[in-house]
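The next block holds one structure in the form of structure tokens; read it before the comments.
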Amino acid sequence: MSDQTEVIDWQTEWTELLRKACPDAHVLTDPIELTAYENDGLGFHRYQPDCVVIVNSADDIAPILKVAQVCEFPYTIRGAGTSLSGGPVAVEGGLIIHLSRLNKVLEINKEDMYCVVEPGLVLNRLNAYLKPYGLFYPPDPSSGFASTLGGNVAENAGGIRCFRYGVTANYVLGVEVIQQDGTLVRFGGAAAQGGTANSFNWTSLMVGSEGTLGVITKIWLKLKPIPEKVWTFLAEYKDLESSTKAITELVHMPTPPVAIEFIDNAVVQLVENSKMAVGISKDAWVILTEIDGPQPLVDARVDELKQILGRHGATKVSAEDDAEKRLKLWKARKVAGGLMGQLSPDLMIQDAVIPRSYLQEVLQFIYDQGEELDIPVLNVFHAGDGNLHPNFLFDNRIPGDIDNIKTLSKRLIEKVIEVGGTLSGEHGIGNDKSCYLDKIFSEEEINFQMTILKALNLNDQMNPGKIIPQRSYVGCCAPHKMQRKGNQ
Ligand SMILES: Cc1cc2nc3c(=O)[nH]c(=O)nc-3n(C[C@H](O)[C@H](O)[C@H](O)COP(=O)(O)OP(=O)(O)OC[C@H]3O[C@@H](n4cnc5c(N)ncnc54)[C@H](O)[C@@H]3O)c2cc1C
């Protein structure tokens, strides 16, 4: 045995093994192709993977994980890559396993109101499949046109309707997961409508696991009947204070609305200056809210909703039940993030949850902080859930801008914690917010989490560098050339 250090072209070695292990999958190593996998929806945390495998079926995955085990490289699962917390990026290099081709609806059961899907299915496509059955899947992140159900489950995505319907976790009946050693396990399933097979809810362990506990390859989802009647309300206010008071009153209704969305004045101006304009006054702050249910019951509530929205100095309240016009209102809401790209080359979307009674205080705080640091702050978010998603506009090419973004994010999170809030409403922790984990959890609590992660994710090989900052892959892969001891 020689102890001479030998530099080997590890990338060639393991990409060949990957090609042999799953000949039908696409193995990408061209740096230009890898660029597309450098970042997620945040854009500015960039890490190039060493290789990407686009799998064609779930059967490809276990052989890939075996190669990863033998060659000792880290890997990260990717759905659509729309995460806003740095989740599907290869922070420590290695492999990205891209699941977008696992996009089949495997079963729709109208009678028992559930469906079984592959993880790469895009959320809005599921609802298109479900429509003829009179069913729908309620969680609706604004990224539903692109994000996958696997990504939604791994991030426990929220959305506009989640205020009343509940988030992804409330709809996952079961999951099939390929573990790190390639074995397949299943938790829950169609029969889990009424509870779990034993007292632990193992399915829920996988929900929100951000690709650190295995590869989710099949998902059982609970469905709901499409509501008979829907009314959407748009209320305009003169300032932040009056709009947040109306939110509180909506939340306190005995039968609350389905959605309560807040759109600040800067976002209103952006929408109204675009092709998506819906006729909102350009100096307004807006609440967009919705009720649904059986026609006579919902119609009977329209006046009550209008009165509540009008009580806090609203300058205009409108109610709409025409499907096309309602869709236009929601499109205007959902396109807001994309339109922000017209204002600045870079965008940071923060995510936190606060007790709703602090909404006005925390929003004013972050507007003031943005002004102090000369960073424009725009807000549009699911206010009913106490979510907070300030958008910070910046230009990464300007020296100091990214430091200001970090300062602003840190001040926001500190304020959120001060008022009793927490780190993530729906976007997860990823690598963007892992640095704040010790502000929320004690050392003992972090150790508890590490114990579970270490048991199911040996050497932190799956999605290293995420959620808990100490998580780093203990293997022999290095970002570019790997040095290995001879004869190993
Ligand atoms: C314009 C826009 C609007 C958005 N609006 C919302 C919103 O309203 N609500 C909300 O919650 N989020 C929102 N997001 C964030 C994002 O869309 C969600 O986090 C979404 O769930 C990510 O899905 P994805 O398919 O893109 O997953 P990816 O970004 O590819 O991955 C996300 C995480 O899940 C893991 N993962 C993915 N698939 C699997 C799998 N099969 N098994 C195990 N782990 C897996 C990845 O490793 C990663 O850690 C928005 C993003 C954008 C860009």
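Ligands are numbered from 1 in the order shown, chains are lettered A, B, ... in the order of the structure tokens, and residues start at 1 in each chain.
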Around ligand 1, out to 6 Å and counting only C-alpha atoms and all ligand atoms, which residues are there? I want them as an MDAnalysis selection string. chainID A and resid 41 76:84 87:88 119 141:143 147:148 150:152 154:155 157:159 210:211 214:217 337 426:427
Only N, CA and C atoms, please: the residues just picked out, written as a compact mmCIF listing (two decimals), in the first residue's frame.
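File result37.txt, as written:
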```txt
# COMPACT_ATOMS: atom_id res chain seq x y z
N GLY A 41 -34.61 30.34 -6.21
CA GLY A 41 -35.36 31.58 -6.47
C GLY A 41 -34.72 32.81 -5.85
N THR A 76 -27.87 16.75 -3.44
CA THR A 76 -28.99 17.64 -3.09
C THR A 76 -30.13 17.35 -4.06
N ILE A 77 -31.33 17.25 -3.53
CA ILE A 77 -32.50 16.97 -4.38
C ILE A 77 -33.04 18.30 -4.89
N ARG A 78 -33.51 18.28 -6.14
CA ARG A 78 -34.10 19.51 -6.70
C ARG A 78 -35.43 19.20 -7.37
N GLY A 79 -36.43 20.03 -7.04
CA GLY A 79 -37.71 19.96 -7.74
C GLY A 79 -37.65 20.98 -8.86
N ALA A 80 -38.34 22.13 -8.67
CA ALA A 80 -38.31 23.17 -9.70
C ALA A 80 -37.26 24.24 -9.38
N GLY A 81 -36.66 24.17 -8.20
CA GLY A 81 -35.64 25.16 -7.84
C GLY A 81 -36.22 26.54 -7.53
N THR A 82 -37.51 26.60 -7.13
CA THR A 82 -38.11 27.92 -6.81
C THR A 82 -37.95 28.30 -5.34
N SER A 83 -37.29 27.44 -4.57
CA SER A 83 -37.11 27.73 -3.14
C SER A 83 -36.59 29.15 -2.94
N LEU A 84 -36.98 29.74 -1.81
CA LEU A 84 -36.50 31.10 -1.52
C LEU A 84 -35.64 31.10 -0.26
N GLY A 87 -32.48 26.25 -0.54
CA GLY A 87 -32.61 24.81 -0.26
C GLY A 87 -32.00 23.88 -1.30
N PRO A 88 -32.34 24.06 -2.60
CA PRO A 88 -31.89 23.05 -3.58
C PRO A 88 -30.55 23.37 -4.23
N PRO A 119 -43.27 13.18 -7.20
CA PRO A 119 -42.87 14.44 -6.57
C PRO A 119 -42.59 15.59 -7.53
N PRO A 141 -49.20 27.91 -3.02
CA PRO A 141 -48.12 28.90 -3.05
C PRO A 141 -48.17 29.70 -4.36
N SER A 142 -47.75 30.95 -4.30
CA SER A 142 -47.81 31.79 -5.51
C SER A 142 -46.93 31.24 -6.61
N SER A 143 -46.04 30.32 -6.28
CA SER A 143 -45.17 29.69 -7.28
C SER A 143 -45.82 28.45 -7.89
N SER A 147 -43.63 25.42 -9.10
CA SER A 147 -43.07 24.58 -8.03
C SER A 147 -43.71 23.20 -8.04
N THR A 148 -42.93 22.20 -7.57
CA THR A 148 -43.38 20.81 -7.62
C THR A 148 -43.97 20.39 -6.28
N GLY A 150 -43.27 17.71 -4.67
CA GLY A 150 -42.18 17.22 -3.81
C GLY A 150 -41.52 18.38 -3.09
N GLY A 151 -41.27 19.46 -3.82
CA GLY A 151 -40.68 20.67 -3.21
C GLY A 151 -41.63 21.28 -2.20
N ASN A 152 -42.93 21.27 -2.52
CA ASN A 152 -43.93 21.82 -1.59
C ASN A 152 -43.94 21.02 -0.28
N ALA A 154 -41.45 19.08 0.86
CA ALA A 154 -40.15 19.21 1.54
C ALA A 154 -40.00 20.58 2.22
N GLU A 155 -40.75 21.58 1.76
CA GLU A 155 -40.68 22.91 2.39
C GLU A 155 -41.92 23.21 3.24
N ALA A 157 -44.93 23.99 2.14
CA ALA A 157 -45.34 25.27 1.54
C ALA A 157 -46.68 25.74 2.07
N GLY A 158 -46.78 27.05 2.15
CA GLY A 158 -48.05 27.71 2.47
C GLY A 158 -48.58 28.37 1.21
N GLY A 159 -49.58 29.20 1.35
CA GLY A 159 -50.12 29.87 0.16
C GLY A 159 -51.30 30.75 0.52
N GLU A 210 -36.78 19.40 3.98
CA GLU A 210 -35.86 20.14 3.10
C GLU A 210 -34.76 19.26 2.49
N GLY A 211 -35.12 18.06 2.10
CA GLY A 211 -34.16 17.20 1.40
C GLY A 211 -33.05 16.66 2.28
N GLY A 214 -34.06 12.11 3.08
CA GLY A 214 -34.32 11.11 2.04
C GLY A 214 -35.00 11.76 0.84
N VAL A 215 -35.19 10.93 -0.20
CA VAL A 215 -35.80 11.44 -1.43
C VAL A 215 -37.27 11.01 -1.46
N ILE A 216 -38.15 11.98 -1.45
CA ILE A 216 -39.59 11.67 -1.49
C ILE A 216 -39.94 11.31 -2.94
N THR A 217 -40.46 10.08 -3.13
CA THR A 217 -40.71 9.63 -4.51
C THR A 217 -42.20 9.43 -4.81
N GLY A 337 -44.26 39.66 -7.43
CA GLY A 337 -42.84 39.33 -7.22
C GLY A 337 -42.05 39.44 -8.51
N GLU A 426 -43.00 29.90 5.63
CA GLU A 426 -43.29 28.88 4.62
C GLU A 426 -42.11 28.59 3.70
N HIS A 427 -41.08 29.41 3.70
CA HIS A 427 -40.00 29.21 2.72
C HIS A 427 -38.90 28.30 3.23
```
- [ ] Please run DSSP on the backbone and report, as a PyMOL selection string, all residues within segment 261-372 of chain A that come out as strand (DSSP E or B).
- [x] chain A and resi 261-263+285-293+316-320+346-349+352-353
Q.
When you look at Gly134 of chain A with a cut-off of 7 Å (counting only C-alpha atoms), what residues show up, excluding the ones that are within fewer than 3 positions of it in the same chain? I need them as a PyMOL selection string.
A. chain A and resi 130-131+225-226
The selected residues should be written to file as a compact mmCIF listing (two decimals), in the first residue's frame (atoms: all heavy atoms).
```
# COMPACT_ATOMS: atom_id res chain seq x y z
N LEU A 130 -57.39 17.64 -11.55
CA LEU A 130 -58.46 17.36 -10.59
C LEU A 130 -59.80 17.99 -10.95
O LEU A 130 -60.86 17.51 -10.55
CB LEU A 130 -58.04 17.87 -9.20
CG LEU A 130 -56.86 17.15 -8.54
CD1 LEU A 130 -56.46 17.87 -7.25
CD2 LEU A 130 -57.22 15.69 -8.23
N LYS A 131 -59.74 19.08 -11.72
CA LYS A 131 -60.95 19.87 -12.00
C LYS A 131 -62.13 19.02 -12.53
O LYS A 131 -63.24 19.12 -12.01
CB LYS A 131 -60.61 21.00 -12.97
CG LYS A 131 -61.57 22.16 -12.86
CD LYS A 131 -61.09 23.32 -13.67
CE LYS A 131 -62.20 24.37 -13.63
NZ LYS A 131 -61.97 25.43 -14.56
N PRO A 225 -63.62 19.13 -2.13
CA PRO A 225 -64.51 19.44 -3.27
C PRO A 225 -64.34 20.90 -3.68
O PRO A 225 -64.17 21.77 -2.82
CB PRO A 225 -65.91 19.23 -2.69
CG PRO A 225 -65.75 18.74 -1.31
CD PRO A 225 -64.34 18.90 -0.88
N ILE A 226 -64.40 21.18 -4.98
CA ILE A 226 -64.31 22.57 -5.44
C ILE A 226 -65.52 23.32 -4.88
O ILE A 226 -66.66 22.84 -5.03
CB ILE A 226 -64.29 22.64 -6.99
CG1 ILE A 226 -63.02 21.98 -7.53
CG2 ILE A 226 -64.41 24.09 -7.47
CD1 ILE A 226 -62.94 21.89 -9.04
```
Note to self: Which residues are near Asp264 of chain A? Cut-off 9 Å, only C-alpha atoms, ignore same chain within fewer than 5 positions. Put them as a ChimeraX atom specification.
What the structure shows: /A:239-240,269,284-287,378-380
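Residues lying within 7 Å of Phe163 of chain A, counting only C-alpha atoms and ignoring same-chain neighbours fewer than 6 positions away, are A:Val258, A:Ala259, A:Gly384, A:Asp385.
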Using only C-alpha atoms, the best pick from A:Gly338, A:Asn127, A:Ala266, A:Pro296 as closest to Lys282 of chain A would be A:Ala266
